[in-house]
Amino acid sequence: MAFGKQDNRFYNGNPNVKMSGAQQPYTLEQVQSIVKFTKDPCEFIDNCVKVVSIDKGIVPFHLYPYQKRIIDAVHHNRFTICKLFRQSGKSTVIAAYCLWFGIFNANKDIVILANKLSAAKELFGRIEMMYEMLPDYVKPGVKEYNKTSMVLENGSRISCAATSASAIRGRSISLCICDEFAFLPTSIAQEFVTSTFPALSSSSQSKLVLISTPYGLNHFYKIWHESEQGINNFVHVEGKWQEIHADDDWFETQSKLLGDPVKVAQELECVTGDTIVRIKNKRTGRVECIPIGELYERMENVEENMVKHG
């Protein structure tokens, strides 16, 4: 290659980013692998995707059982809500699925939303890092590649934004990921639900994934609770910290760091509707132990009566 001349096989000269139209030779074994990857995202992730480990550097991304449950639920259903514990790798697994979805489906619009734009960019950055570390034979060329979006040569687009009522307005979204949905301010979450759910429901194939660590009895808990009861169309998936950490040392360390028992219950144990909580009536001083789901229903009834009686 002549001095100063850019290699047209790579996007902007980046040797880890293949230019759209770049030629790629294949062996028979690679073709057979691609056929398997097309049908099974877990097979693709386990064999091709790498992540950065704080302790070990770049390592293959081998899925835990609960991560496979998440992918299976998202892959086979249109509406999925995932409740995961602190440091569960939830963002990493959903990033890997987005990459698979974009590579093996043509002309799809995939959007990553988070409670803050910086968080959305961080998650999108993981997708780009995964893409750059893929084996060449499964790495598609790109037409566009920047800090907030990438367009693959098959016409699929992956982008990121902050969650809002207008985040995906006017777009034909094929896969929408809402990360840390529980941490959205209630007003923004309600506006997003009102503007987005009907649009996604009008399609027969669009997917919506809400994924978060729990954060009180809010909009995320409401959707999760109604999913458990079969009231809405969401399939719910939960991960337990014991599926990663075999002993109690990790839990004890994290509990000390969090300090507050309520935060421990939310962020590590992912309290469910059957979890017993103690509540105290400020007026009477009476203490009562009830399932958290029942407490939520009581709160709903109070709000409903307030609306009826104005």
# chains A, B, ... in the order shown; residues from 1 in each chain; ligands from 1

$ select_by_dssp --residues "range 125-176 of chain A" --states "strand (DSSP E or B)" --output "PyMOL selection string"
chain A and resi 142-145+149-152+157-162+175-176

$ residues_around --residues "Ile127 in chain A" --least-positions-apart "2" --cutoff "7 Å" --atoms "only C-alpha atoms" --output "VMD selection string"
chain A and resid 95 to 96 99 123 to 125 129 to 131

$ select_by_dssp --residues "range 77-119 of chain A" --states "alpha helix (DSSP H)" --output "count of residues only"
17

$ closest_atom_pairs --of "range 97-168 of chain A" --to "range 15-21 of chain A" --cutoff "12 Å" --atoms "only C-alpha atoms" --output "tab-separated table"
residue	atom	partner	partner_atom	distance
A:Glu128	CA	A:Val17	CA	9.2
A:Met129	CA	A:Asn16	CA	9.4
A:Met130	CA	A:Asn16	CA	10.4
A:Tyr131	CA	A:Val17	CA	8.0
A:Glu132	CA	A:Asn16	CA	5.0
A:Met133	CA	A:Asn16	CA	7.2
A:Leu134	CA	A:Asn16	CA	8.7
A:Pro135	CA	A:Asn16	CA	9.8
A:Asp136	CA	A:Lys18	CA	8.3
A:Tyr137	CA	A:Lys18	CA	10.6
A:Val138	CA	A:Lys18	CA	10.8
A:Lys139	CA	A:Lys18	CA	7.3
A:Pro140	CA	A:Lys18	CA	6.7
A:Gly141	CA	A:Ser20	CA	3.9
A:Val142	CA	A:Ser20	CA	4.8
A:Lys143	CA	A:Ser20	CA	5.6
A:Glu144	CA	A:Ser20	CA	9.0
A:Tyr145	CA	A:Val17	CA	8.5
A:Asn146	CA	A:Val17	CA	11.1
A:Met150	CA	A:Val17	CA	10.8
A:Val151	CA	A:Ser20	CA	9.6
A:Leu152	CA	A:Ser20	CA	7.5
A:Glu153	CA	A:Ser20	CA	5.3
A:Asn154	CA	A:Ser20	CA	8.9
A:Gly155	CA	A:Ser20	CA	10.4

$ write_last_selection --atoms "C-alpha atoms" --output "PDB file, in the first residue's frame"
ATOM      1  CA  GLU A 128     -19.221  -1.434  19.022  1.00  0.00           C
ATOM      2  CA  MET A 129     -16.464  -3.022  21.113  1.00  0.00           C
ATOM      3  CA  MET A 130     -18.076  -6.450  20.655  1.00  0.00           C
ATOM      4  CA  TYR A 131     -18.370  -5.825  16.928  1.00  0.00           C
ATOM      5  CA  GLU A 132     -14.694  -4.872  16.612  1.00  0.00           C
ATOM      6  CA  MET A 133     -13.586  -8.050  18.407  1.00  0.00           C
ATOM      7  CA  LEU A 134     -15.676 -10.401  16.244  1.00  0.00           C
ATOM      8  CA  PRO A 135     -13.949 -12.941  13.992  1.00  0.00           C
ATOM      9  CA  ASP A 136     -13.646 -11.497  10.470  1.00  0.00           C
ATOM     10  CA  TYR A 137     -15.834 -14.151   8.881  1.00  0.00           C
ATOM     11  CA  VAL A 138     -18.935 -13.086  10.877  1.00  0.00           C
ATOM     12  CA  LYS A 139     -18.134  -9.358  10.928  1.00  0.00           C
ATOM     13  CA  PRO A 140     -20.245  -7.451   8.392  1.00  0.00           C
ATOM     14  CA  GLY A 141     -19.050  -4.282   6.722  1.00  0.00           C
ATOM     15  CA  VAL A 142     -20.453  -0.939   7.849  1.00  0.00           C
ATOM     16  CA  LYS A 143     -21.842   2.060   5.985  1.00  0.00           C
ATOM     17  CA  GLU A 144     -21.796   4.380   9.012  1.00  0.00           C
ATOM     18  CA  TYR A 145     -19.947   4.091  12.313  1.00  0.00           C
ATOM     19  CA  ASN A 146     -19.874   6.717  15.073  1.00  0.00           C
ATOM     20  CA  MET A 150     -23.836   2.251  13.236  1.00  0.00           C
ATOM     21  CA  VAL A 151     -25.353   1.148   9.938  1.00  0.00           C
ATOM     22  CA  LEU A 152     -24.388  -2.310   8.711  1.00  0.00           C
ATOM     23  CA  GLU A 153     -24.051  -3.225   5.060  1.00  0.00           C
ATOM     24  CA  ASN A 154     -27.248  -5.311   5.298  1.00  0.00           C
ATOM     25  CA  GLY A 155     -29.187  -2.097   5.987  1.00  0.00           C
TER      26      GLY A 155
END

$ atom_distance --atom1 "CA of Thr148 in chain A" --atom2 "CA of Ala161 in chain A"
7.7 Å

$ closest_atom_pairs --of "range 9-94 of chain A" --to "range 199-219 of chain A" --cutoff "6 Å" --atoms "only C-alpha atoms" --output "tab-separated table"
residue	atom	partner	partner_atom	distance
A:Arg78	CA	A:Lys207	CA	4.3
A:Phe79	CA	A:Leu208	CA	5.0
A:Thr80	CA	A:Val209	CA	4.9
A:Ile81	CA	A:Leu210	CA	4.7
A:Cys82	CA	A:Ile211	CA	4.6
A:Lys83	CA	A:Ser212	CA	5.5
A:Leu84	CA	A:Thr213	CA	5.1
A:Phe85	CA	A:Thr213	CA	5.7

$ atom_distance --atom1 "CA of Arg169 in chain A" --atom2 "CA of Thr196 in chain A"
7.5 Å

$ closest_residue --among "A:Ile223, A:Cys178, A:Val52, A:Ile94" --to "Ile112 in chain A" --atoms "only C-alpha atoms"
A:Cys178

$ decode --residues "range 13-58 of chain A" --atoms "N, CA and C atoms" --output "short mmCIF file (atom, residue, chain, number, x, y, z; two decimals), in the first residue's frame"
data_model
loop_
_atom_site.label_atom_id
_atom_site.label_comp_id
_atom_site.auth_asym_id
_atom_site.auth_seq_id
_atom_site.Cartn_x
_atom_site.Cartn_y
_atom_site.Cartn_z
N GLY A 13 -10.02 3.79 8.08
CA GLY A 13 -8.70 3.27 8.40
C GLY A 13 -8.61 2.42 9.64
N ASN A 14 -9.76 2.15 10.29
CA ASN A 14 -9.77 1.32 11.50
C ASN A 14 -9.72 -0.15 11.10
N PRO A 15 -8.64 -0.86 11.39
CA PRO A 15 -8.51 -2.27 10.96
C PRO A 15 -9.51 -3.21 11.63
N ASN A 16 -10.20 -2.75 12.66
CA ASN A 16 -11.19 -3.59 13.34
C ASN A 16 -12.62 -3.35 12.84
N VAL A 17 -12.76 -2.38 11.91
CA VAL A 17 -14.08 -2.05 11.38
C VAL A 17 -14.05 -2.26 9.87
N LYS A 18 -14.80 -3.24 9.40
CA LYS A 18 -14.76 -3.61 7.99
C LYS A 18 -15.64 -2.66 7.16
N MET A 19 -15.12 -2.24 6.04
CA MET A 19 -15.86 -1.36 5.13
C MET A 19 -16.95 -2.15 4.40
N SER A 20 -18.08 -1.51 4.17
CA SER A 20 -19.14 -2.16 3.40
C SER A 20 -18.62 -2.56 2.02
N GLY A 21 -18.90 -3.81 1.63
CA GLY A 21 -18.46 -4.30 0.33
C GLY A 21 -17.12 -4.97 0.32
N ALA A 22 -16.41 -4.95 1.46
CA ALA A 22 -15.10 -5.60 1.52
C ALA A 22 -15.26 -7.11 1.30
N GLN A 23 -14.37 -7.68 0.52
CA GLN A 23 -14.44 -9.11 0.19
C GLN A 23 -13.98 -9.96 1.38
N GLN A 24 -14.69 -11.07 1.61
CA GLN A 24 -14.36 -11.96 2.71
C GLN A 24 -14.41 -13.41 2.25
N PRO A 25 -13.28 -14.13 2.23
CA PRO A 25 -13.30 -15.56 1.88
C PRO A 25 -13.84 -16.40 3.04
N TYR A 26 -14.49 -17.51 2.71
CA TYR A 26 -15.07 -18.38 3.73
C TYR A 26 -14.63 -19.82 3.51
N THR A 27 -14.43 -20.53 4.62
CA THR A 27 -14.24 -21.97 4.55
C THR A 27 -15.60 -22.64 4.71
N LEU A 28 -15.68 -23.91 4.38
CA LEU A 28 -16.93 -24.64 4.52
C LEU A 28 -17.37 -24.66 5.98
N GLU A 29 -16.41 -24.83 6.88
CA GLU A 29 -16.72 -24.87 8.30
C GLU A 29 -17.30 -23.52 8.78
N GLN A 30 -16.76 -22.42 8.26
CA GLN A 30 -17.26 -21.11 8.64
C GLN A 30 -18.68 -20.90 8.13
N VAL A 31 -18.96 -21.34 6.92
CA VAL A 31 -20.31 -21.22 6.37
C VAL A 31 -21.30 -22.02 7.22
N GLN A 32 -20.91 -23.21 7.61
CA GLN A 32 -21.77 -24.04 8.46
C GLN A 32 -22.02 -23.38 9.81
N SER A 33 -21.00 -22.73 10.34
CA SER A 33 -21.14 -22.02 11.62
C SER A 33 -22.10 -20.85 11.47
N ILE A 34 -21.98 -20.11 10.38
CA ILE A 34 -22.86 -18.96 10.15
C ILE A 34 -24.31 -19.39 10.08
N VAL A 35 -24.55 -20.54 9.46
CA VAL A 35 -25.92 -21.06 9.38
C VAL A 35 -26.46 -21.31 10.79
N LYS A 36 -25.64 -21.88 11.66
CA LYS A 36 -26.06 -22.13 13.04
C LYS A 36 -26.28 -20.82 13.80
N PHE A 37 -25.38 -19.85 13.61
CA PHE A 37 -25.49 -18.57 14.30
C PHE A 37 -26.76 -17.83 13.89
N THR A 38 -27.14 -17.95 12.63
CA THR A 38 -28.34 -17.28 12.13
C THR A 38 -29.58 -17.71 12.90
N LYS A 39 -29.62 -18.98 13.29
CA LYS A 39 -30.79 -19.53 13.96
C LYS A 39 -30.73 -19.41 15.48
N ASP A 40 -29.53 -19.29 16.03
CA ASP A 40 -29.37 -19.36 17.49
C ASP A 40 -28.45 -18.26 18.01
N PRO A 41 -29.01 -17.19 18.59
CA PRO A 41 -28.17 -16.10 19.11
C PRO A 41 -27.22 -16.54 20.22
N CYS A 42 -27.63 -17.50 21.04
CA CYS A 42 -26.76 -17.98 22.11
C CYS A 42 -25.52 -18.67 21.54
N GLU A 43 -25.71 -19.41 20.45
CA GLU A 43 -24.60 -20.08 19.79
C GLU A 43 -23.61 -19.04 19.26
N PHE A 44 -24.14 -17.97 18.68
CA PHE A 44 -23.29 -16.89 18.16
C PHE A 44 -22.51 -16.22 19.29
N ILE A 45 -23.19 -15.89 20.38
CA ILE A 45 -22.55 -15.19 21.49
C ILE A 45 -21.46 -16.06 22.13
N ASP A 46 -21.79 -17.31 22.39
CA ASP A 46 -20.84 -18.21 23.05
C ASP A 46 -19.59 -18.46 22.20
N ASN A 47 -19.73 -18.42 20.87
CA ASN A 47 -18.62 -18.77 19.99
C ASN A 47 -17.88 -17.57 19.39
N CYS A 48 -18.53 -16.40 19.35
CA CYS A 48 -17.93 -15.28 18.63
C CYS A 48 -17.72 -14.01 19.45
N VAL A 49 -18.55 -13.79 20.45
CA VAL A 49 -18.53 -12.51 21.15
C VAL A 49 -17.49 -12.53 22.28
N LYS A 50 -16.74 -11.45 22.39
CA LYS A 50 -15.79 -11.28 23.48
C LYS A 50 -16.12 -10.02 24.27
N VAL A 51 -15.75 -10.03 25.54
CA VAL A 51 -15.99 -8.88 26.41
C VAL A 51 -14.70 -8.58 27.17
N VAL A 52 -14.70 -7.42 27.81
CA VAL A 52 -13.53 -7.02 28.59
C VAL A 52 -13.79 -7.29 30.07
N SER A 53 -12.97 -8.13 30.67
CA SER A 53 -13.05 -8.44 32.10
C SER A 53 -12.05 -7.57 32.85
N ILE A 54 -12.49 -7.02 33.99
CA ILE A 54 -11.61 -6.18 34.79
C ILE A 54 -10.36 -6.95 35.23
N ASP A 55 -10.55 -8.22 35.57
CA ASP A 55 -9.44 -9.02 36.08
C ASP A 55 -8.64 -9.73 35.00
N LYS A 56 -9.31 -10.12 33.89
CA LYS A 56 -8.65 -10.99 32.91
C LYS A 56 -8.45 -10.36 31.54
N GLY A 57 -8.93 -9.13 31.35
CA GLY A 57 -8.78 -8.51 30.03
C GLY A 57 -9.85 -9.00 29.07
N ILE A 58 -9.48 -9.19 27.80
CA ILE A 58 -10.44 -9.63 26.78
C ILE A 58 -10.65 -11.14 26.90
#
